[in-house]
Each structure stands twice: as C-alpha cells, then as structure tokens.
Number of protein chains: 2
Amino acid sequence: MNNSLLNLTEAKNARSMVEAAYGLIRADILNGVLAPGERLRVEVLKDRYEVGASTLREALTRLVGDALVTSEEQRGFRVAGISLQDFADLTRTRKLIEAEALAQSIIHGDEEWEANLVAAFHRLSKVEQARTPENIALYTDEFEVRNREFHRALIGACPSRWLMQFQGILFGQSERYRRISLNSRGMPRDVHSEHKAIVEAALARDADRARKLEEEHIEKTLEVLSHLVVTLAEVQD
Amino acid sequence: MNNSLLNLTEAKNARSMVEAAYGLIRADILNGVLAPGERLRVEVLKDRYEVGASTLREALTRLVGDALVTSEEQRGFRVAGISLQDFADLTRTRKLIEAEALAQSIIHGDEEWEANLVAAFHRLSKVEQARTPENIALYTDEFEVRNREFHRALIGACPSRWLMQFQGILFGQSERYRRISLNSRGMPRDVHSEHKAIVEAALARDADRARKLEEEHIEKTLEVLSHLVVTLAEVQD
DNA sequence: ATAATAAAAAATCTCGAAATTTTAGTTGAC
DNA sequence: GTCAACTAAAATTTCGAGATTTTTTATTAT
C-alpha cells in the first residue's frame with residue numbers, strides 16, 4: 001500500500017501541525033486503519049501522530065465537523081460508527097444535494113467548466129483502464145482521488161456555497177463505505193458508462209436528465225453495498 | 001437586554017470549559033456582539049471568556065464546523081461574513097433541506113410527534129401574542145428559542161440524521177440574519193398565520209402541501225431582508 | 001520618493017505538565 | 001448475593017509559557 005506516501009504528501013502540504021494531524025487521522029479513518037466506533041484516546045494518538053494533546057484535540061474537533069469523529073463531553077472522542085442504515089440515509093441525502101448542485105452547475109457553467117469536466121473525466125477514465133482485477137488495490141487511492149475530482153468538476157459551476165460544503169462532507173463520508181465495496185467483488189457494474197452518460201447530459205445542458213442520471217449513479221453504490229452485506233451475512237453463519 | 005442571562009444559562013449547562021466558551025461565543029456572534037468579519041484574536045478572547053488559549057482555540061474550531069467562524073492557517077480566526085448574496089444562498093438551501101425533512105417527518109410521524117408539534121406551536125403563539133411594537137426587543141431571545149423549537153418539532157419525526165444536522169447548521173446561520181430583520185420594521189408579515197397553515201397541513205398528513213408552505217415561509221424571510229437592504233441603501237445616500 | 005531589506009512587535013500555534021473527571025476495583029454493610 | 005461507599009488508576013480536559021510565523025515599523029540604498 002502507498003498510504004504512507006499519500007499521508008506524507010498531506011503532511012508536507014500542511015501549514016500547521018493541526019492540519020497535518022487532521023489530514024493523517026482523516027486518511028486513517030477513511031482507510032479503516034482507525035476502525036468505525038474505535039475510541040480515539042488523546043494520550044495514545046498524540047504519540048502516534050507526534051503532536052501535543054491540545055493540537056491533537058483541535059485536529060479531532062475538526063474531524064467532528066466532518067462527522068468522521070464523534071465526541072462526548074468528558075468521555076473523549078471516537079471514530080464515527082457506520083451501518084447500512086446510515087449509508088442508506090447518506091445516499092438519500094447525497095442524491096438530494098448532489099443532484100441539485102449538478103443542476104445549478106449546468107445552468108451556470110461556462111466554457112472553462114466544460115473544459116475542466118472533460119479533462120477530469122479523461123483522467124478518471126485512464127485510471128479505470130489501468131485497473132485490472134489483480135492490481136485493483138494498487139490503484140484504489142488514485143482512483144479515489146480522480147473520482148472525487150470528477151464529481152467535483154461536475155458541480156464545479158454550482159454557485160451555492162452551502163451545497164458545495166454539504167456535498168464535500170457527504171462525499172467524504174461515502175468514501176469510507178465505497179472503499180469497503182470497491183475492493184470486494186460485489187455486483188458487476190459499469191461505472192465508466194455511468195460517468196460518461198452524466199458528462200454527455202451535462203455538456204448538452206440537459207439539467208433534468210443529468211440530475212436523474214446522477215441520482216441513479218449514487219443510488220447504485222447503495223445497491224452494491226446492500227448486496228454485499230447480504231452476501232456477508234450469508235457467509236457468517 | 002437579557003443576553004447575559006441567556007449566556008449564563010448556556011455556560012452553566014456546559015459540561016466543559018470548551019462547551020461553555022463555545023456557547024458564549026456562539027451567542028455573541030448570533031447577537032452581533034462579535035460582528036461579521038471581525039477578527040477573533042486568541043489573546044484577546046481568552047481573557048474575555050476566561051479560558052486558556054488551547055481551550056478557546058478548540059471552541060473556535062467547533063464554531064468553524066458550524067460555519068459561524070472561518071479560519072485561515074497561521075492567520076487566525078474570524079467571525080464569518082454575511083451578505084445578501086450569502087443569505088439568498090442560505091435561504092435556497094434551507095428550502096431544499098427543510099422542506100424535504102418536513103415531508104419525511106410527516107410520513108414517519110407518530111402521535112407523540114403530533115402532540116409535540118401542537119405544544120410547540122402553542123408555546124410559540126403565546127410569545128407572539130405577548131410581543132407588541134414597544135416590548136419587541138425584550139422578547140427577541142425567547143421568540144428565537146420558541147421559533148427554533150417549533151421548526152424543530154415540525155421535522156421532529158424525520159429519520160434522516162443528515163438532513164437534521166444540515167438543518168441545524170442552516171437554521172443557526174439564518175438566526176443571524178433574522179435578528180437583523182426582526183427588530184426593524186420591514187414589510188408587514190403575518191408569521192403566525194404562516195405557521196398555523198403549516199401545522200394544519202402537517203397534521204392532515206399532506207406532505208406536498210406542507211412542503212410548499214414551508215418553502216414559501218422560508219422564502220418570505222429573504223424577501224423581508226431584501227426589502228430592508230433596499231430601504232437602507234436608499235437612506236444611506 | 002520608492003523599493004528592498006532588516007529588525008522589532010504582535011499574533012498564531014504548539015507543547016506537556018497539572019487539574020479535573022470518569023472508570024474500575026475493593027471493601028464492607030445489609 | 002446485592003448494593004453502596006470508598007479508593008486507586010486511567011483518561012479527559014485545561015492552562016499558560018515558549019516556539020514559530022506573520023505583520024508592522026524602521027532603516028538603507030537606489
């Protein structure tokens with residue numbers, strides 16, 4: 001895994017110790033190194049991430065804002081829990097937010113937005129091509145970054161600061177779930193075609209169609225994970 | 001003003017110094033004691049709120065999560081700015097979120113939800129009755145609390161954690177703008193009738209109608225403030 | 001005068017020890 | 001055997017001095 005590389009990059013780019021710790025812990029939560037529900041003891045983590053107690057605490061408080069960490073007064077911090085129920089809620093809300101943001105983006109988008117979108121789609125396609133069943137784990141991080149950038153490019157011309165902020169939080173959340181379903185072979189799925197159809201609708205300025213396709217695209221993630229959970233439940237007993 | 005009373009209550013209920021400072025600063029931002037765009041110097045505020053630097057910093061970081069404070073690395077914290085443009089965005093997004101939450105609440109609501117809603121509406125009505133043009137400033141805080149509780153009761157049965165969280169953030173934001181338009185006499189408005197109509201639609205389990213009324217209700221706030229800004233602009237020159 | 005550079009001031013950011021609170025374990029009364 | 005009170009251990013939370021960075025002021029050269 002090249003997690004350490006990714007983490008190192010984030011740490012280097014950080015302009016303060018709080019930001020560095022924030023980035024490292026965030027990556028560890030998304031990658032499952034810090035498991036859902038796990039306690040985040042200040043005494044332990046301050047040594048692991050090599051920062052003081054107050055600095056660590058501030059980083060954790062930032063993560064509470066992203067809803068990746070929960071805190072209970074006088075009882076410390078925990079990695080936010082996950083559940084199929086929560087993922088269903090997350091998906092529904094993402095559909096609402098992201099589809100609306102996309103529609104607004106299509107309405108307000110200029111030529112630069114179009115160019116960025118085509119570029120982001122191209123970059124994502126390249127990674128998708130390079131990924132084969134054998135090397136899939138190797139490309140997870142890169143795919144994740146490109147995928148985020150593609151979805152971000154789609155709504156890049158949305159003028160609503162609030163929709164953008166909420167989209168960011170929800171998308172970050174969904175990454176945790178996606179990494180579970182990505183590495184395992186669940187239902188067969190042609191993500192590339194889904195993306196392609198959305199781009200075409202967006203460039204054609206068909207907001208309604210793009211909205212619908214985006215909703216279906218997001219919904220599919222839930223279907224895949226639901227299928228996976230059922231499969232796991234069958235195996236367990 | 002009985003701000004100090006309200007603040008004291010919040011401070012007493014706090015289970016930690018961070019929470020106490022968070023509550024006090026939040027109230028001061030909502031009340032305009034700390035003005036939009038104002039710098040929040042750690043050295044100054046730690047004395048004002050009687051906490052250590054790290055504790056204050058953590059409280060401010062929590063407020064960043066509420067988008068009431070912004071922070072720039074190595075350049076400190078500021079009270080988040082306000083603008084008519086931002087309020088328009090806020091209102092649009094609130095309509096999207098709150099209307100959806102209301103619709104879901106109506107679908108899932110049980111008898112207890114109904115009872116709570118009727119009770120919250122009654123309490124709000126009492127405060128509205130007590131408010132006259134002379135004593136309006138006196139009841140601002142109480143009205144604000146009851147108003148928030150009423151709107152919270154409306155969506156009390158919404159099962160989506162995410163919609164509830166975003167609603168909370170957006171509603172908190174809008175309080176800043178509402179306090180500007182409340183104390184000044186803008187356009188005449190019958191808020192009570194608007195609330196009444198929403199409650200009736202909710203109890204009749206008419207999700208579509210309730211959604212529409214809620215959207216209109218939220219939209220009205222924007223109209224009032226827009227009108228006020230125009231008036232102020234005329235006066236200024 | 002203007003711009004570039006350096007020194008001083010001011011502010012943010014960081015750390016870890018000390019205070020406070022919670023949790024776990026033990027004893028003793030009923 | 002159960003529950004309550006007490007004690008010890010562990011963990012969270014808090015503080016403020018010191019390190020680092022930014023901003024302001026002063027100085028010098030062009």
# chains A, B, ... in the order shown; residues from 1 in each chain; ligands from 1
>>> residues_around(residues="D:DT23", least_positions_apart="2", cutoff="12 Å", atoms="only C-alpha atoms (C1' of nucleotides)", output="list in words")
Gln74 and Arg75 of chain B; DA8, DA9, DA10, DA11 and DT12 of chain C; DT21 and DT25 of chain D
>>> write_last_selection(atoms="N, CA, C and O atoms (P, O5', C5', C4', C3', O3' and C1' of nucleotides)", output="compact mmCIF listing (two decimals), in the first residue's frame")
# COMPACT_ATOMS: atom_id res chain seq x y z
N GLN B 74 -2.46 29.86 10.09
CA GLN B 74 -1.43 30.83 10.55
C GLN B 74 -1.91 32.28 10.53
O GLN B 74 -1.12 33.20 10.74
N ARG B 75 -3.19 32.49 10.22
CA ARG B 75 -3.71 33.86 10.18
C ARG B 75 -4.91 34.04 11.09
O ARG B 75 -5.59 35.06 11.04
P DA C 8 16.23 44.97 16.93
O5' DA C 8 14.64 45.18 17.04
C5' DA C 8 14.08 46.45 16.71
C4' DA C 8 12.57 46.40 16.87
C3' DA C 8 12.09 45.77 18.18
O3' DA C 8 11.12 46.64 18.75
C1' DA C 8 11.06 44.70 16.32
P DA C 9 10.38 46.28 20.10
O5' DA C 9 8.93 45.85 19.60
C5' DA C 9 8.23 46.71 18.70
C4' DA C 9 6.95 46.03 18.23
C3' DA C 9 6.10 45.45 19.36
O3' DA C 9 4.80 45.99 19.25
C1' DA C 9 6.48 43.81 17.66
P DA C 10 3.66 45.50 20.27
O5' DA C 10 2.91 44.37 19.43
C5' DA C 10 2.51 44.63 18.09
C4' DA C 10 1.81 43.41 17.51
C3' DA C 10 0.86 42.73 18.49
O3' DA C 10 -0.33 42.38 17.82
C1' DA C 10 2.41 41.16 17.67
P DA C 11 -1.60 41.91 18.69
O5' DA C 11 -1.98 40.51 18.05
C5' DA C 11 -2.03 40.34 16.63
C4' DA C 11 -1.66 38.90 16.30
C3' DA C 11 -2.38 37.87 17.15
O3' DA C 11 -3.42 37.25 16.41
C1' DA C 11 -0.07 37.32 16.83
P DT C 12 -4.20 35.98 17.05
O5' DT C 12 -3.41 34.76 16.38
C5' DT C 12 -3.21 34.75 14.97
C4' DT C 12 -2.27 33.60 14.61
C3' DT C 12 -2.84 32.23 14.92
O3' DT C 12 -2.57 31.37 13.81
C1' DT C 12 -0.75 32.50 15.99
P DT D 21 7.88 28.20 11.37
O5' DT D 21 6.87 29.38 11.04
C5' DT D 21 5.46 29.18 11.21
C4' DT D 21 4.76 30.52 11.16
C3' DT D 21 5.08 31.37 9.93
O3' DT D 21 3.90 31.52 9.17
C1' DT D 21 5.11 32.67 11.93
P DT D 25 2.73 50.09 12.14
O5' DT D 25 4.28 50.35 12.37
C5' DT D 25 4.90 49.88 13.57
C4' DT D 25 6.42 50.00 13.43
C3' DT D 25 6.91 51.35 12.90
O3' DT D 25 7.84 51.90 13.82
C1' DT D 25 7.95 49.57 11.75
>>> select_by_dssp(residues="stretch 9-138 of chain B", states="strand (DSSP E or B)", output="PyMOL selection string")
chain B and resi 39-40+69-72+76-79
>>> interface_residues(of="chain B", to="chain D", cutoff="9 Å", atoms="only C-alpha atoms (C1' of nucleotides)", output="mmCIF file with C-alpha atoms, in the first residue's frame")
data_model
loop_
_atom_site.group_PDB
_atom_site.id
_atom_site.type_symbol
_atom_site.label_atom_id
_atom_site.label_comp_id
_atom_site.auth_asym_id
_atom_site.auth_seq_id
_atom_site.Cartn_x
_atom_site.Cartn_y
_atom_site.Cartn_z
ATOM 1 C CA SER B 16 -16.681 21.557 29.953
ATOM 2 C CA MET B 17 -14.870 24.846 29.521
ATOM 3 C CA VAL B 18 -14.750 24.319 25.768
ATOM 4 C CA VAL B 51 -10.235 30.233 29.365
ATOM 5 C CA GLY B 52 -6.802 29.119 28.221
ATOM 6 C CA ALA B 53 -5.548 29.583 24.680
ATOM 7 C CA SER B 54 -5.959 25.939 23.669
ATOM 8 C CA THR B 55 -9.441 25.747 25.134
ATOM 9 C CA GLN B 74 -1.433 30.831 10.548
ATOM 10 C CA ARG B 75 -3.708 33.864 10.182
#
>>> select_by_dssp(residues="stretch 98-197 of chain B", states="helix (DSSP H, G or I)", output="ChimeraX atom specification")
/B:98-108,111-130,140-154,161-183,191-197
>>> interface_residues(of="chain B", to="chain C", cutoff="9 Å", atoms="only C-alpha atoms (C1' of nucleotides)", output="ChimeraX atom specification")
/B:41-43,73-76
>>> residues_around(residues="A:Ala130", least_positions_apart="5", cutoff="10 Å", atoms="only C-alpha atoms (C1' of nucleotides)", output="ChimeraX atom specification")
/A:125,135-136,139,143
>>> interface_residues(of="chain B", to="chain A", cutoff="9 Å", atoms="only C-alpha atoms", output="number ranges by chain")
B: 15-16, 19, 54-55, 57-59, 61-66, 73-74, 86, 89-90, 92-93, 96-97, 100, 159-163, 166, 170
>>> write_last_selection(atoms="N, CA, C and O atoms", output="compact mmCIF listing (two decimals), in the first residue's frame")
# COMPACT_ATOMS: atom_id res chain seq x y z
N ARG B 15 -20.77 21.26 30.09
CA ARG B 15 -20.11 20.21 30.84
C ARG B 15 -18.59 20.31 30.73
O ARG B 15 -17.87 19.46 31.24
N SER B 16 -18.12 21.32 30.04
CA SER B 16 -16.68 21.56 29.95
C SER B 16 -16.43 23.02 29.63
O SER B 16 -17.35 23.74 29.22
N GLU B 19 -17.09 23.77 25.94
CA GLU B 19 -18.51 23.91 25.62
C GLU B 19 -19.05 25.25 26.10
O GLU B 19 -19.84 25.90 25.41
N SER B 54 -5.60 27.17 24.37
CA SER B 54 -5.96 25.94 23.67
C SER B 54 -7.46 25.68 23.75
O SER B 54 -8.08 25.25 22.78
N THR B 55 -8.01 25.96 24.93
CA THR B 55 -9.44 25.75 25.13
C THR B 55 -10.24 26.66 24.21
O THR B 55 -11.19 26.21 23.54
N ARG B 57 -9.26 28.04 21.45
CA ARG B 57 -8.99 27.57 20.10
C ARG B 57 -9.91 26.40 19.72
O ARG B 57 -10.46 26.36 18.62
N GLU B 58 -10.09 25.48 20.66
CA GLU B 58 -10.96 24.35 20.38
C GLU B 58 -12.41 24.80 20.22
O GLU B 58 -13.13 24.31 19.35
N ALA B 59 -12.82 25.74 21.05
CA ALA B 59 -14.18 26.28 20.94
C ALA B 59 -14.38 26.94 19.57
O ALA B 59 -15.41 26.75 18.92
N THR B 61 -12.73 26.26 16.87
CA THR B 61 -12.73 25.20 15.85
C THR B 61 -14.12 24.56 15.74
O THR B 61 -14.56 24.21 14.66
N ARG B 62 -14.80 24.42 16.87
CA ARG B 62 -16.17 23.90 16.83
C ARG B 62 -17.07 24.84 16.03
O ARG B 62 -17.92 24.41 15.25
N LEU B 63 -16.86 26.13 16.24
CA LEU B 63 -17.69 27.11 15.53
C LEU B 63 -17.39 27.13 14.03
O LEU B 63 -18.25 27.47 13.23
N VAL B 64 -16.16 26.77 13.67
CA VAL B 64 -15.83 26.62 12.25
C VAL B 64 -16.71 25.53 11.65
O VAL B 64 -17.20 25.66 10.53
N GLY B 65 -16.93 24.47 12.43
CA GLY B 65 -17.81 23.40 11.98
C GLY B 65 -19.24 23.85 11.76
O GLY B 65 -19.94 23.32 10.91
N ASP B 66 -19.66 24.87 12.50
CA ASP B 66 -20.99 25.46 12.32
C ASP B 66 -20.99 26.54 11.24
O ASP B 66 -22.02 27.15 10.98
N GLU B 73 -5.14 29.27 7.97
CA GLU B 73 -3.95 28.73 8.60
C GLU B 73 -2.91 29.83 8.88
O GLU B 73 -2.56 30.59 7.99
N GLN B 74 -2.46 29.86 10.09
CA GLN B 74 -1.43 30.83 10.55
C GLN B 74 -1.91 32.28 10.53
O GLN B 74 -1.12 33.20 10.74
N ASP B 86 -25.13 35.81 0.24
CA ASP B 86 -24.99 34.63 1.06
C ASP B 86 -26.33 34.24 1.68
O ASP B 86 -26.65 33.06 1.77
N ASP B 89 -28.41 32.43 -0.85
CA ASP B 89 -27.95 31.04 -0.99
C ASP B 89 -28.43 30.21 0.18
O ASP B 89 -28.96 29.11 0.02
N LEU B 90 -28.24 30.77 1.37
CA LEU B 90 -28.67 30.10 2.60
C LEU B 90 -30.15 29.76 2.54
O LEU B 90 -30.57 28.63 2.87
N ARG B 92 -32.17 29.47 -0.10
CA ARG B 92 -32.44 28.44 -1.12
C ARG B 92 -32.13 27.05 -0.58
O ARG B 92 -32.92 26.11 -0.75
N THR B 93 -30.96 26.94 0.06
CA THR B 93 -30.53 25.64 0.56
C THR B 93 -31.42 25.18 1.72
O THR B 93 -31.75 24.00 1.82
N LEU B 96 -34.57 23.70 0.38
CA LEU B 96 -34.34 22.33 -0.11
C LEU B 96 -34.32 21.33 1.03
O LEU B 96 -35.02 20.30 1.01
N ILE B 97 -33.51 21.63 2.04
CA ILE B 97 -33.30 20.71 3.16
C ILE B 97 -34.54 20.60 4.04
O ILE B 97 -35.02 19.51 4.36
N GLU B 100 -37.69 18.96 2.53
CA GLU B 100 -37.53 17.52 2.42
C GLU B 100 -37.65 16.86 3.79
O GLU B 100 -38.31 15.82 3.94
N PRO B 159 -36.43 10.85 9.89
CA PRO B 159 -35.47 9.81 10.30
C PRO B 159 -34.06 10.04 9.76
O PRO B 159 -33.16 9.29 10.11
N SER B 160 -33.88 11.07 8.94
CA SER B 160 -32.56 11.29 8.35
C SER B 160 -31.67 12.12 9.26
O SER B 160 -31.88 13.32 9.46
N ARG B 161 -30.63 11.47 9.76
CA ARG B 161 -29.65 12.15 10.61
C ARG B 161 -29.00 13.31 9.86
O ARG B 161 -28.76 14.38 10.41
N TRP B 162 -28.72 13.10 8.59
CA TRP B 162 -28.02 14.11 7.81
C TRP B 162 -28.87 15.35 7.55
O TRP B 162 -28.39 16.49 7.68
N LEU B 163 -30.10 15.14 7.18
CA LEU B 163 -30.98 16.28 6.97
C LEU B 163 -31.11 17.09 8.26
O LEU B 163 -31.10 18.32 8.24
N PHE B 166 -27.83 19.13 8.88
CA PHE B 166 -27.71 20.28 7.98
C PHE B 166 -28.76 21.33 8.32
O PHE B 166 -28.48 22.53 8.27
N LEU B 170 -27.93 25.27 9.10
CA LEU B 170 -28.53 26.33 8.30
C LEU B 170 -29.44 27.22 9.13
O LEU B 170 -29.45 28.45 8.98
>>> atom_distance(atom1="atom CA of A:Ile82", atom2="atom CA of A:Gly168")
18.0 Å
>>> residues_around(residues="stretch 102-107 of chain B", least_positions_apart="3", cutoff="6 Å", atoms="only C-alpha atoms (C1' of nucleotides)", output="ChimeraX atom specification")
/B:99,155,157-158,205,207
>>> atom_distance(atom1="atom CA of B:Ser226", atom2="atom CA of B:Ala197")
24.1 Å
>>> closest_residue(among="B:Glu223, B:Glu194, B:Glu144, B:Asp206", to="B:Asn31", atoms="only C-alpha atoms")
B:Glu144
>>> closest_residue(among="A:Lys95, A:Phe87, A:Ala210, A:Glu128", to="A:Val224", atoms="only C-alpha atoms")
A:Phe87
>>> atom_distance(atom1="atom CA of A:Arg146", atom2="atom CA of A:Ala80")
25.0 Å
>>> residues_around(residues="stretch 115-117 of chain B", least_positions_apart="6", cutoff="9 Å", atoms="only C-alpha atoms (C1' of nucleotides)", output="short mmCIF file (atom, residue, chain, number, x, y, z; two decimals) with N, CA and C atoms, in the first residue's frame")
data_model
loop_
_atom_site.label_atom_id
_atom_site.label_comp_id
_atom_site.auth_asym_id
_atom_site.auth_seq_id
_atom_site.Cartn_x
_atom_site.Cartn_y
_atom_site.Cartn_z
N PHE B 150 -40.13 25.25 17.51
CA PHE B 150 -41.29 24.95 16.66
C PHE B 150 -40.85 24.31 15.34
N HIS B 151 -39.88 24.93 14.71
CA HIS B 151 -39.41 24.39 13.43
C HIS B 151 -38.76 23.02 13.62
N ARG B 152 -38.15 22.84 14.77
CA ARG B 152 -37.54 21.56 15.10
C ARG B 152 -38.62 20.50 15.32
N ALA B 153 -39.72 20.93 15.95
CA ALA B 153 -40.83 20.00 16.20
C ALA B 153 -41.47 19.55 14.89
N LEU B 154 -41.55 20.46 13.95
CA LEU B 154 -42.13 20.12 12.64
C LEU B 154 -41.39 18.93 12.02
N GLY B 156 -39.43 16.89 13.59
CA GLY B 156 -39.01 16.02 14.69
C GLY B 156 -39.04 14.54 14.37
N VAL B 199 -48.75 23.82 10.25
CA VAL B 199 -49.18 22.83 11.24
C VAL B 199 -50.41 22.08 10.74
N LEU B 203 -50.53 18.05 10.20
CA LEU B 203 -51.44 17.17 10.94
C LEU B 203 -52.39 16.44 9.99
#
>>> decode(residues="chain D", atoms="C-alpha atoms (C1' of nucleotides)", output="CSV table (one decimal), in the first residue's frame")
chain,number,residue,atom,x,y,z
D,1,DG,C1',-25.7,-12.1,47.0
D,2,DT,C1',-26.6,-7.1,46.1
D,3,DC,C1',-25.8,-2.6,46.6
D,4,DA,C1',-23.4,1.4,48.1
D,5,DA,C1',-19.3,3.9,49.5
D,6,DC,C1',-14.7,4.4,49.1
D,7,DT,C1',-10.1,4.2,46.7
D,8,DA,C1',-6.8,3.8,43.0
D,9,DA,C1',-6.0,4.0,38.3
D,10,DA,C1',-6.7,5.9,33.8
D,11,DA,C1',-8.4,9.1,30.8
D,12,DT,C1',-10.1,13.6,29.5
D,13,DT,C1',-9.6,18.4,29.9
D,14,DT,C1',-7.3,22.7,31.0
D,15,DC,C1',-3.8,26.1,31.3
D,16,DG,C1',-0.1,29.3,30.1
D,17,DA,C1',4.6,29.8,28.9
D,18,DG,C1',7.6,29.3,24.9
D,19,DA,C1',8.4,28.4,19.8
D,20,DT,C1',7.1,29.8,15.3
D,21,DT,C1',5.1,32.7,11.9
D,22,DT,C1',3.2,36.9,10.3
D,23,DT,C1',2.8,41.8,10.5
D,24,DT,C1',4.4,46.2,11.4
D,25,DT,C1',7.9,49.6,11.7
D,26,DA,C1',12.4,51.4,10.9
D,27,DT,C1',16.5,51.7,8.0
D,28,DT,C1',19.1,51.8,4.0
D,29,DA,C1',20.0,52.1,-0.9
D,30,DT,C1',18.6,53.3,-5.5
